[in-house]
$ cat run_5.tsv   # TSV, C-alpha atoms
chain	number	residue	atom	x	y	z
A	1	MET	CA	0.00	0.00	0.00
A	2	THR	CA	1.36	3.41	-0.96
A	3	GLU	CA	1.55	6.31	1.47
A	4	ALA	CA	-1.26	8.04	-0.44
A	5	GLN	CA	-3.49	4.96	-0.13
A	6	ALA	CA	-2.76	4.71	3.60
A	7	THR	CA	-3.71	8.35	4.04
A	8	ALA	CA	-6.94	7.78	2.10
A	9	THR	CA	-7.80	4.85	4.37
A	10	GLN	CA	-7.27	6.93	7.47
A	11	ALA	CA	-9.49	9.65	6.02
A	12	VAL	CA	-12.32	7.18	5.31
A	13	VAL	CA	-12.17	5.04	8.47
A	14	ARG	CA	-12.45	7.40	11.42
A	15	ASN	CA	-13.08	4.99	14.29
A	16	ILE	CA	-14.19	1.48	15.23
A	17	SER	CA	-17.86	2.28	14.57
A	18	ASP	CA	-17.13	2.88	10.89
A	19	THR	CA	-16.35	-0.83	10.46
A	20	ALA	CA	-20.12	-1.40	10.81
A	21	ARG	CA	-20.62	0.46	7.51
A	22	TRP	CA	-18.04	-1.83	5.92
A	23	ALA	CA	-19.91	-4.94	7.15
A	24	ALA	CA	-23.21	-3.57	5.77
A	25	VAL	CA	-21.69	-3.41	2.27
A	26	PHE	CA	-21.42	-7.21	2.13
A	27	ARG	CA	-24.95	-7.72	3.40
A	28	ALA	CA	-26.16	-5.38	0.66
A	29	ARG	CA	-24.25	-7.25	-2.04
A	30	GLU	CA	-25.55	-10.64	-0.87
A	31	THR	CA	-29.10	-9.27	-0.88
A	32	GLU	CA	-28.78	-8.47	-4.60
A	33	ARG	CA	-28.08	-12.12	-5.50
A	34	ALA	CA	-30.86	-14.32	-6.86
A	35	ASP	CA	-29.65	-17.11	-4.54
A	36	ALA	CA	-29.11	-14.87	-1.48
A	37	LEU	CA	-28.66	-16.70	1.84
A	38	PHE	CA	-30.47	-13.82	3.54
A	39	ARG	CA	-32.04	-10.54	2.47
A	40	ASP	CA	-31.26	-7.27	4.19
A	41	PRO	CA	-33.17	-4.55	2.29
A	42	TYR	CA	-31.75	-1.89	4.64
A	43	ALA	CA	-28.07	-2.72	4.27
A	44	GLU	CA	-27.36	-0.56	1.22
A	45	ARG	CA	-28.80	2.54	2.90
A	46	LEU	CA	-27.03	1.78	6.16
A	47	ALA	CA	-23.66	1.26	4.46
A	48	GLY	CA	-23.96	4.47	2.46
A	49	LYS	CA	-21.19	5.81	0.27
A	50	MET	CA	-18.80	5.72	3.21
A	51	GLY	CA	-19.22	1.96	3.60
A	52	VAL	CA	-18.42	1.40	-0.07
A	53	ASP	CA	-15.41	3.73	0.16
A	54	ILE	CA	-14.11	1.81	3.19
A	55	ALA	CA	-14.45	-1.55	1.40
A	56	ASN	CA	-12.69	-0.14	-1.66
A	57	THR	CA	-9.91	1.59	0.29
A	58	LEU	CA	-8.89	-0.93	2.96
A	59	PRO	CA	-6.29	-3.48	1.84
A	60	GLU	CA	-8.21	-6.65	0.94
A	61	GLY	CA	-11.36	-4.73	1.87
A	62	ASN	CA	-13.40	-6.62	-0.72
A	63	SER	CA	-11.48	-9.90	-0.73
A	64	HIS	CA	-13.42	-11.97	1.78
A	65	ALA	CA	-17.08	-11.20	1.14
A	66	TRP	CA	-17.82	-14.93	1.50
A	67	ALA	CA	-16.71	-14.83	5.16
A	68	TRP	CA	-18.96	-11.88	6.03
A	69	VAL	CA	-21.89	-13.59	4.32
A	70	ALA	CA	-21.28	-16.91	6.09
A	71	ARG	CA	-21.00	-15.12	9.44
A	72	THR	CA	-24.32	-13.34	8.94
A	73	TYR	CA	-26.00	-16.56	7.80
A	74	LEU	CA	-24.79	-18.51	10.84
A	75	PHE	CA	-25.81	-15.81	13.31
A	76	ASP	CA	-29.26	-15.73	11.68
A	77	ARG	CA	-29.53	-19.50	11.96
A	78	PHE	CA	-28.54	-19.67	15.63
A	79	ILE	CA	-30.82	-16.74	16.52
A	80	ALA	CA	-33.83	-18.36	14.84
A	81	GLN	CA	-33.06	-21.68	16.52
A	82	GLU	CA	-32.85	-20.12	19.99
A	83	ILE	CA	-36.04	-18.11	19.53
A	84	GLU	CA	-37.84	-21.31	18.55
A	85	GLN	CA	-36.59	-22.82	21.81
A	86	GLY	CA	-38.03	-20.05	23.96
A	87	THR	CA	-35.65	-17.09	23.97
A	88	ASP	CA	-37.65	-14.05	25.06
A	89	MET	CA	-34.90	-11.42	24.91
A	90	VAL	CA	-31.98	-10.87	22.54
A	91	VAL	CA	-29.18	-8.54	23.69
A	92	ASN	CA	-26.99	-7.42	20.79
A	93	LEU	CA	-23.74	-5.97	22.13
A	94	ALA	CA	-21.94	-3.59	19.73
A	95	ALA	CA	-24.99	-3.89	17.48
A	96	GLY	CA	-23.60	-1.53	14.86
A	97	LEU	CA	-25.80	-1.38	11.76
A	98	ASP	CA	-27.44	-4.77	12.24
A	99	ALA	CA	-31.03	-4.72	10.96
A	100	ARG	CA	-32.22	-8.13	12.17
A	101	PRO	CA	-35.14	-6.71	14.22
A	102	TYR	CA	-36.49	-5.35	10.91
A	103	ARG	CA	-35.54	-8.07	8.42
A	104	MET	CA	-36.04	-11.33	10.35
A	105	SER	CA	-39.33	-13.04	11.11
A	106	LEU	CA	-39.56	-12.50	14.88
A	107	PRO	CA	-42.32	-12.78	17.51
A	108	ALA	CA	-43.88	-9.40	18.29
A	109	SER	CA	-43.41	-10.19	22.00
A	110	LEU	CA	-39.63	-10.67	21.69
A	111	GLN	CA	-37.55	-8.01	23.45
A	112	TRP	CA	-34.54	-6.99	21.35
A	113	ILE	CA	-31.95	-4.74	22.99
A	114	GLU	CA	-29.24	-3.05	20.92
A	115	VAL	CA	-26.22	-1.71	22.79
A	116	ASP	CA	-23.58	0.47	21.17
A	117	LEU	CA	-21.92	3.87	21.14
A	118	PRO	CA	-24.20	6.90	20.72
A	119	GLU	CA	-22.97	8.03	17.28
A	120	ILE	CA	-23.58	4.77	15.42
A	121	LEU	CA	-27.01	4.22	17.01
A	122	THR	CA	-28.10	7.78	16.22
A	123	TYR	CA	-26.97	7.31	12.61
A	124	LYS	CA	-28.93	4.05	12.35
A	125	GLU	CA	-32.05	5.58	13.88
A	126	GLY	CA	-31.94	8.30	11.25
A	127	ILE	CA	-31.70	5.83	8.37
A	128	LEU	CA	-34.45	3.55	9.74
A	129	ALA	CA	-36.73	6.26	11.13
A	130	ASN	CA	-39.65	5.31	8.87
A	131	GLU	CA	-39.25	1.53	9.26
A	132	LYS	CA	-41.09	-0.67	11.75
A	133	PRO	CA	-39.30	-3.47	13.63
A	134	ALA	CA	-40.97	-6.88	13.89
A	135	CYS	CA	-40.44	-7.06	17.67
A	136	ALA	CA	-40.09	-4.80	20.73
A	137	LEU	CA	-36.83	-2.97	19.96
A	138	GLU	CA	-34.85	-0.81	22.38
A	139	ARG	CA	-31.51	0.93	21.93
A	140	VAL	CA	-29.07	1.58	24.75
A	141	ARG	CA	-26.22	4.05	24.25
A	142	LEU	CA	-23.31	2.68	26.24
A	143	ASN	CA	-19.56	2.26	26.00
A	144	LEU	CA	-19.13	-1.46	26.73
A	145	SER	CA	-15.58	-0.87	27.98
A	146	ASP	CA	-17.15	0.77	31.06
A	147	GLY	CA	-17.34	-2.32	33.25
A	148	SER	CA	-19.53	-0.90	36.00
A	149	ALA	CA	-22.03	0.57	33.51
A	150	ARG	CA	-22.34	-2.67	31.55
A	151	ARG	CA	-22.77	-4.73	34.73
A	152	ALA	CA	-25.56	-2.41	35.83
A	153	LEU	CA	-27.24	-2.82	32.41
A	154	PHE	CA	-26.88	-6.61	32.51
A	155	ALA	CA	-28.45	-6.72	35.99
A	156	GLU	CA	-31.40	-4.64	34.80
A	157	LEU	CA	-31.97	-6.77	31.69
A	158	ASP	CA	-31.62	-9.97	33.69
A	159	ARG	CA	-34.70	-8.99	35.69
A	160	ARG	CA	-36.80	-8.45	32.57
A	161	ALA	CA	-36.67	-11.85	30.83
A	162	ARG	CA	-36.50	-15.57	31.49
A	163	ARG	CA	-34.25	-16.83	28.67
A	164	ILE	CA	-31.80	-14.32	27.23
A	165	LEU	CA	-29.58	-14.70	24.15
A	166	ILE	CA	-26.43	-12.58	23.84
A	167	LEU	CA	-24.95	-11.61	20.46
A	168	THR	CA	-21.44	-10.25	19.93
A	169	GLU	CA	-20.97	-10.17	16.17
A	170	GLY	CA	-17.71	-8.60	15.05
A	171	LEU	CA	-16.89	-7.32	18.56
A	172	LEU	CA	-14.50	-9.65	20.35
A	173	ILE	CA	-11.67	-9.43	17.81
A	174	TYR	CA	-11.15	-5.79	18.85
A	175	LEU	CA	-10.75	-6.70	22.55
A	176	SER	CA	-7.78	-8.10	24.47
A	177	ALA	CA	-8.00	-11.60	25.97
A	178	GLU	CA	-8.34	-10.01	29.42
A	179	GLU	CA	-11.22	-7.82	28.25
A	180	VAL	CA	-12.99	-10.77	26.63
A	181	ALA	CA	-12.59	-12.85	29.80
A	182	ALA	CA	-14.02	-10.02	31.93
A	183	LEU	CA	-17.00	-9.62	29.57
A	184	ALA	CA	-17.64	-13.38	29.62
A	185	LYS	CA	-17.64	-13.41	33.42
A	186	ASP	CA	-20.00	-10.43	33.58
A	187	LEU	CA	-22.40	-12.17	31.20
A	188	ALA	CA	-22.21	-15.46	33.12
A	189	ALA	CA	-23.08	-13.66	36.37
A	190	SER	CA	-26.60	-12.93	35.07
A	191	SER	CA	-28.83	-15.91	35.81
A	192	HIS	CA	-31.11	-15.53	32.77
A	193	PHE	CA	-28.32	-15.00	30.23
A	194	GLN	CA	-28.54	-18.56	28.91
A	195	ARG	CA	-27.00	-18.52	25.41
A	196	TRP	CA	-24.28	-16.55	23.63
A	197	VAL	CA	-23.48	-16.41	19.90
A	198	LEU	CA	-20.05	-15.06	18.98
A	199	ASP	CA	-17.54	-15.16	16.14
A	200	LEU	CA	-13.96	-16.26	16.66
A	201	ALA	CA	-10.65	-16.23	14.79
A	202	SER	CA	-7.64	-18.50	15.23
A	203	PRO	CA	-4.20	-17.06	16.10
A	204	GLY	CA	-3.09	-17.90	12.56
A	205	LEU	CA	-5.90	-15.93	10.96
A	206	LEU	CA	-5.44	-13.07	13.42
A	207	LYS	CA	-1.79	-12.69	12.36
A	208	MET	CA	-2.79	-12.65	8.68
A	209	MET	CA	-5.45	-10.00	9.30
A	210	GLN	CA	-3.08	-7.88	11.37
A	211	ARG	CA	-0.68	-7.72	8.40
A	212	THR	CA	-3.35	-6.52	5.94
A	213	THR	CA	-6.60	-4.78	6.91
A	214	GLY	CA	-5.63	-4.70	10.58
A	215	LYS	CA	-2.60	-2.51	9.95
A	216	GLN	CA	-4.76	0.37	8.77
A	217	LEU	CA	-7.47	-0.18	11.40
A	218	SER	CA	-4.77	-0.03	14.10
A	219	GLU	CA	-3.92	3.49	12.95
A	220	VAL	CA	-7.45	4.67	13.77
A	221	GLY	CA	-7.52	2.96	17.16
A	222	ALA	CA	-9.26	-0.29	16.16
A	223	PRO	CA	-6.54	-2.98	16.11
A	224	PHE	CA	-7.36	-6.67	15.79
A	225	LYS	CA	-6.39	-8.31	19.11
A	226	PHE	CA	-8.32	-11.45	19.98
A	227	GLY	CA	-7.54	-14.85	18.48
A	228	PRO	CA	-7.19	-17.24	21.42
A	229	ALA	CA	-4.81	-20.18	21.25
A	230	GLU	CA	-7.39	-22.29	23.08
A	231	GLY	CA	-9.97	-21.74	20.32
A	232	PRO	CA	-13.62	-22.06	21.40
A	233	ALA	CA	-12.47	-23.60	24.71
A	234	PHE	CA	-11.17	-20.17	25.80
A	235	PHE	CA	-14.58	-19.38	27.29
A	236	THR	CA	-15.00	-22.54	29.38
A	237	PRO	CA	-13.15	-21.25	32.51
A	238	HIS	CA	-15.21	-18.05	32.28
A	239	GLY	CA	-18.61	-19.68	32.54
A	240	TRP	CA	-19.52	-20.69	28.97
A	241	GLU	CA	-19.54	-24.07	27.25
A	242	PRO	CA	-19.53	-24.42	23.43
A	243	MET	CA	-22.60	-26.21	22.03
A	244	HIS	CA	-22.09	-25.71	18.28
A	245	VAL	CA	-19.03	-24.49	16.37
A	246	GLU	CA	-19.38	-23.78	12.65
A	247	GLY	CA	-16.42	-22.81	10.45
A	248	LEU	CA	-16.97	-19.93	8.04
A	249	LEU	CA	-15.07	-21.48	5.14
A	250	LYS	CA	-16.89	-24.82	5.40
A	251	THR	CA	-20.26	-23.01	5.65
A	252	ALA	CA	-19.50	-20.69	2.73
A	253	THR	CA	-18.25	-23.61	0.62
A	254	ARG	CA	-21.64	-25.35	0.94
A	255	PHE	CA	-23.12	-22.39	-0.92
A	256	LYS	CA	-20.24	-21.95	-3.42
A	257	ARG	CA	-19.34	-18.50	-2.12
A	258	PRO	CA	-15.51	-18.61	-1.81
A	259	PRO	CA	-13.11	-18.61	-4.79
A	260	PHE	CA	-12.56	-22.09	-6.25
A	261	PHE	CA	-9.14	-22.69	-4.65
A	262	LEU	CA	-10.58	-21.96	-1.21
A	263	ARG	CA	-13.56	-24.20	-1.87
A	264	LEU	CA	-11.15	-27.09	-2.31
A	265	LEU	CA	-9.93	-26.45	1.24
A	266	GLY	CA	-13.51	-25.97	2.44
A	267	HIS	CA	-14.38	-29.52	1.40
A	268	LEU	CA	-11.69	-31.00	3.67
A	269	PRO	CA	-12.78	-32.22	7.14
A	270	GLU	CA	-12.07	-29.68	9.87
A	271	LYS	CA	-9.48	-30.88	12.37
A	272	LYS	CA	-10.64	-31.13	15.95
A	273	GLY	CA	-9.14	-28.93	18.64
A	274	PRO	CA	-7.69	-25.41	18.40
A	275	ALA	CA	-6.67	-24.28	14.91
A	276	GLY	CA	-3.42	-22.71	16.12
A	277	ASN	CA	-1.46	-21.25	13.21
A	278	ARG	CA	-3.98	-22.50	10.65
A	279	PRO	CA	-6.21	-19.66	9.41
A	280	TRP	CA	-9.69	-20.44	10.75
A	281	SER	CA	-12.74	-18.45	11.74
A	282	GLY	CA	-16.16	-19.53	12.85
A	283	VAL	CA	-19.37	-18.77	14.67
A	284	CYS	CA	-19.98	-20.45	18.03
A	285	LEU	CA	-23.11	-20.97	20.09
A	286	TYR	CA	-22.44	-21.26	23.84
A	287	LYS	CA	-24.59	-22.21	26.78
A	288	LYS	CA	-23.96	-21.06	30.31
A	289	ARG	CA	-22.18	-23.67	32.40
$ encode --input "run_5.tsv" --output "structure tokens"
Amino acid sequence: MTEAQATATQAVVRNISDTARWAAVFRARETERADALFRDPYAERLAGKMGVDIANTLPEGNSHAWAWVARTYLFDRFIAQEIEQGTDMVVNLAAGLDARPYRMSLPASLQWIEVDLPEILTYKEGILANEKPACALERVRLNLSDGSARRALFAELDRRARRILILTEGLLIYLSAEEVAALAKDLAASSHFQRWVLDLASPGLLKMMQRTTGKQLSEVGAPFKFGPAEGPAFFTPHGWEPMHVEGLLKTATRFKRPPFFLRLLGHLPEKKGPAGNRPWSGVCLYKKR
């Protein structure tokens, strides 16, 4: 990347919240396909020109659309499954520009809580002002790095529902291992927080990402940090047990989304245990221990 390109990236990506616009670009592109795995009719508006500029400016910013699509698909699948099994509240931490309360088929009685920084939620509210969510939607403006504030929020939400599902899509990779462990413990302390869906990268993939896209994101204060050597087992000592682990490449390969050479790898059986230096990412559903 030239110095001019690096400067352009910095000018486009201002902070961690802007990565939500980047993610929305891939949901918009998937929605345009005749064989779309999901449809998000709001994604194009939410991404805006800035989202497209970010995708086009970041190194490899458009290279792994298949992974974003597979991640969205798997989160959708786990959410629908848990709602069928009685979830009565969904808490989406670092919700960004997610439009699931509007685009998914959800019970009107479901409580859906979005938590994120004020700027990104205000932007989303402006874009979706004339749209009606399918369920009871609330937005909470909160910096999740404020431990006492988030614990107070978790305690309040815990009193309001019987079976609560937590989502952290695209959040944990920006946190240190210590911060992730503290968040996991805070979530486990709430008796009705029963399930947690999260995405995870291996140390090998984390290193690859840090050398490309991550280098520029680090310069705007959003470095990639979390890719635990233990893999999904990282969360077990902190109160959470993995129920289902689905690899993004294997999932995307089922739907012929990755380039052909990657699909060859996607057809191979996934090795058990932590991926270590092998590039791997996936979506995991946890239950409280």
$ closest_atom_pairs --input "run_5.tsv" --of "stretch 128-227 of chain A" --to "stretch 121-124 of chain A" --cutoff "9 Å" --atoms "all atoms listed in the file" --output "JSON lines"
{"residue": "A:Leu128", "atom": "CA", "partner": "A:Lys124", "partner_atom": "CA", "distance": 6.1}
{"residue": "A:Ala129", "atom": "CA", "partner": "A:Lys124", "partner_atom": "CA", "distance": 8.2}
{"residue": "A:Arg139", "atom": "CA", "partner": "A:Leu121", "partner_atom": "CA", "distance": 7.4}
{"residue": "A:Val140", "atom": "CA", "partner": "A:Leu121", "partner_atom": "CA", "distance": 8.4}
{"residue": "A:Arg141", "atom": "CA", "partner": "A:Leu121", "partner_atom": "CA", "distance": 7.3}
$ atom_distance --input "run_5.tsv" --atom1 "atom CA of A:Tyr174" --atom2 "atom CA of A:Pro228"
12.4 Å
$ closest_residue --input "run_5.tsv" --among "A:Ala161, A:Ala155, A:Leu172, A:Ala43" --to "A:Leu93" --atoms "all atoms listed in the file"
A:Leu172
$ atom_distance --input "run_5.tsv" --atom1 "atom CA of A:Ala23" --atom2 "atom CA of A:Arg163"
28.5 Å
$ closest_residue --input "run_5.tsv" --among "A:Ala34, A:Leu200, A:Leu110, A:Met50" --to "A:Glu84" --atoms "only C-alpha atoms"
A:Leu110
$ atom_distance --input "run_5.tsv" --atom1 "atom CA of A:Phe261" --atom2 "atom CA of A:Leu205"
17.3 Å
$ residues_around --input "run_5.tsv" --residues "A:Arg160" --least-positions-apart "6" --cutoff "10 Å" --atoms "all atoms listed in the file" --output "PyMOL selection string"
chain A and resi 88-89+111+192
$ residues_around --input "run_5.tsv" --residues "A:Glu30" --least-positions-apart "6" --cutoff "9 Å" --atoms "all atoms listed in the file" --output "list in words"
Ala36, Leu37, Phe38, Arg39, Asp40, Ala65 and Val69 of chain A
$ axis_aligned_box --input "run_5.tsv" --around "stretch 178-195 of chain A" --padding-each-side "6 Å" --output "AutoDock Vina command-line options"
--center_x -19.7 --center_y -13.2 --center_z 30.9 --size_x 34.8 --size_y 22.7 --size_z 23.0
$ closest_residue --input "run_5.tsv" --among "A:Ala108, A:Ala229, A:Ala136, A:Leu144" --to "A:Ala182" --atoms "only C-alpha atoms"
A:Leu144
$ closest_residue --input "run_5.tsv" --among "A:Ala94, A:Ala233, A:Ile79, A:Val283" --to "A:Arg195" --atoms "only C-alpha atoms"
A:Ile79
$ closest_atom_pairs --input "run_5.tsv" --of "stretch 36-144 of chain A" --to "stretch 164-167 of chain A" --cutoff "12 Å" --atoms "all atoms listed in the file" --output "tab-separated table"
residue	atom	partner	partner_atom	distance
A:Thr72	CA	A:Leu167	CA	11.7
A:Leu74	CA	A:Leu167	CA	11.8
A:Phe75	CA	A:Leu167	CA	8.3
A:Asp76	CA	A:Leu167	CA	10.6
A:Phe78	CA	A:Leu165	CA	9.9
A:Ile79	CA	A:Leu165	CA	8.0
A:Ala80	CA	A:Leu165	CA	10.9
A:Gln81	CA	A:Leu165	CA	10.9
A:Glu82	CA	A:Leu165	CA	7.6
A:Ile83	CA	A:Leu165	CA	8.6
A:Glu84	CA	A:Leu165	CA	12.0
A:Gln85	CA	A:Leu165	CA	11.0
A:Gly86	CA	A:Ile164	CA	9.1
A:Thr87	CA	A:Ile164	CA	5.8
A:Asp88	CA	A:Ile164	CA	6.2
A:Met89	CA	A:Ile164	CA	4.8
A:Val90	CA	A:Leu165	CA	4.8
A:Val91	CA	A:Ile166	CA	4.9
A:Asn92	CA	A:Leu167	CA	4.7
A:Leu93	CA	A:Leu167	CA	6.0
A:Ala94	CA	A:Leu167	CA	8.6
A:Ala95	CA	A:Leu167	CA	8.3
A:Gly96	CA	A:Leu167	CA	11.6
A:Asp98	CA	A:Leu167	CA	11.0
A:Arg100	CA	A:Leu167	CA	11.6
A:Leu110	CA	A:Ile164	CA	10.3
A:Gln111	CA	A:Ile164	CA	9.3
A:Trp112	CA	A:Leu165	CA	9.6
A:Ile113	CA	A:Ile166	CA	9.6
A:Glu114	CA	A:Leu167	CA	9.6
A:Val115	CA	A:Leu167	CA	10.2
$ write_last_selection --input "run_5.tsv" --atoms "C-alpha atoms" --output "mmCIF file, in the frame of the given file"
data_model
loop_
_atom_site.group_PDB
_atom_site.id
_atom_site.type_symbol
_atom_site.label_atom_id
_atom_site.label_comp_id
_atom_site.auth_asym_id
_atom_site.auth_seq_id
_atom_site.Cartn_x
_atom_site.Cartn_y
_atom_site.Cartn_z
ATOM 1 C CA THR A 72 -24.320 -13.340 8.940
ATOM 2 C CA LEU A 74 -24.790 -18.510 10.840
ATOM 3 C CA PHE A 75 -25.810 -15.810 13.310
ATOM 4 C CA ASP A 76 -29.260 -15.730 11.680
ATOM 5 C CA PHE A 78 -28.540 -19.670 15.630
ATOM 6 C CA ILE A 79 -30.820 -16.740 16.520
ATOM 7 C CA ALA A 80 -33.830 -18.360 14.840
ATOM 8 C CA GLN A 81 -33.060 -21.680 16.520
ATOM 9 C CA GLU A 82 -32.850 -20.120 19.990
ATOM 10 C CA ILE A 83 -36.040 -18.110 19.530
ATOM 11 C CA GLU A 84 -37.840 -21.310 18.550
ATOM 12 C CA GLN A 85 -36.590 -22.820 21.810
ATOM 13 C CA GLY A 86 -38.030 -20.050 23.960
ATOM 14 C CA THR A 87 -35.650 -17.090 23.970
ATOM 15 C CA ASP A 88 -37.650 -14.050 25.060
ATOM 16 C CA MET A 89 -34.900 -11.420 24.910
ATOM 17 C CA VAL A 90 -31.980 -10.870 22.540
ATOM 18 C CA VAL A 91 -29.180 -8.540 23.690
ATOM 19 C CA ASN A 92 -26.990 -7.420 20.790
ATOM 20 C CA LEU A 93 -23.740 -5.970 22.130
ATOM 21 C CA ALA A 94 -21.940 -3.590 19.730
ATOM 22 C CA ALA A 95 -24.990 -3.890 17.480
ATOM 23 C CA GLY A 96 -23.600 -1.530 14.860
ATOM 24 C CA ASP A 98 -27.440 -4.770 12.240
ATOM 25 C CA ARG A 100 -32.220 -8.130 12.170
ATOM 26 C CA LEU A 110 -39.630 -10.670 21.690
ATOM 27 C CA GLN A 111 -37.550 -8.010 23.450
ATOM 28 C CA TRP A 112 -34.540 -6.990 21.350
ATOM 29 C CA ILE A 113 -31.950 -4.740 22.990
ATOM 30 C CA GLU A 114 -29.240 -3.050 20.920
ATOM 31 C CA VAL A 115 -26.220 -1.710 22.790
#
$ closest_residue --input "run_5.tsv" --among "A:Asn62, A:Phe193, A:Trp22, A:His267" --to "A:Glu44" --atoms "all atoms listed in the file"
A:Trp22
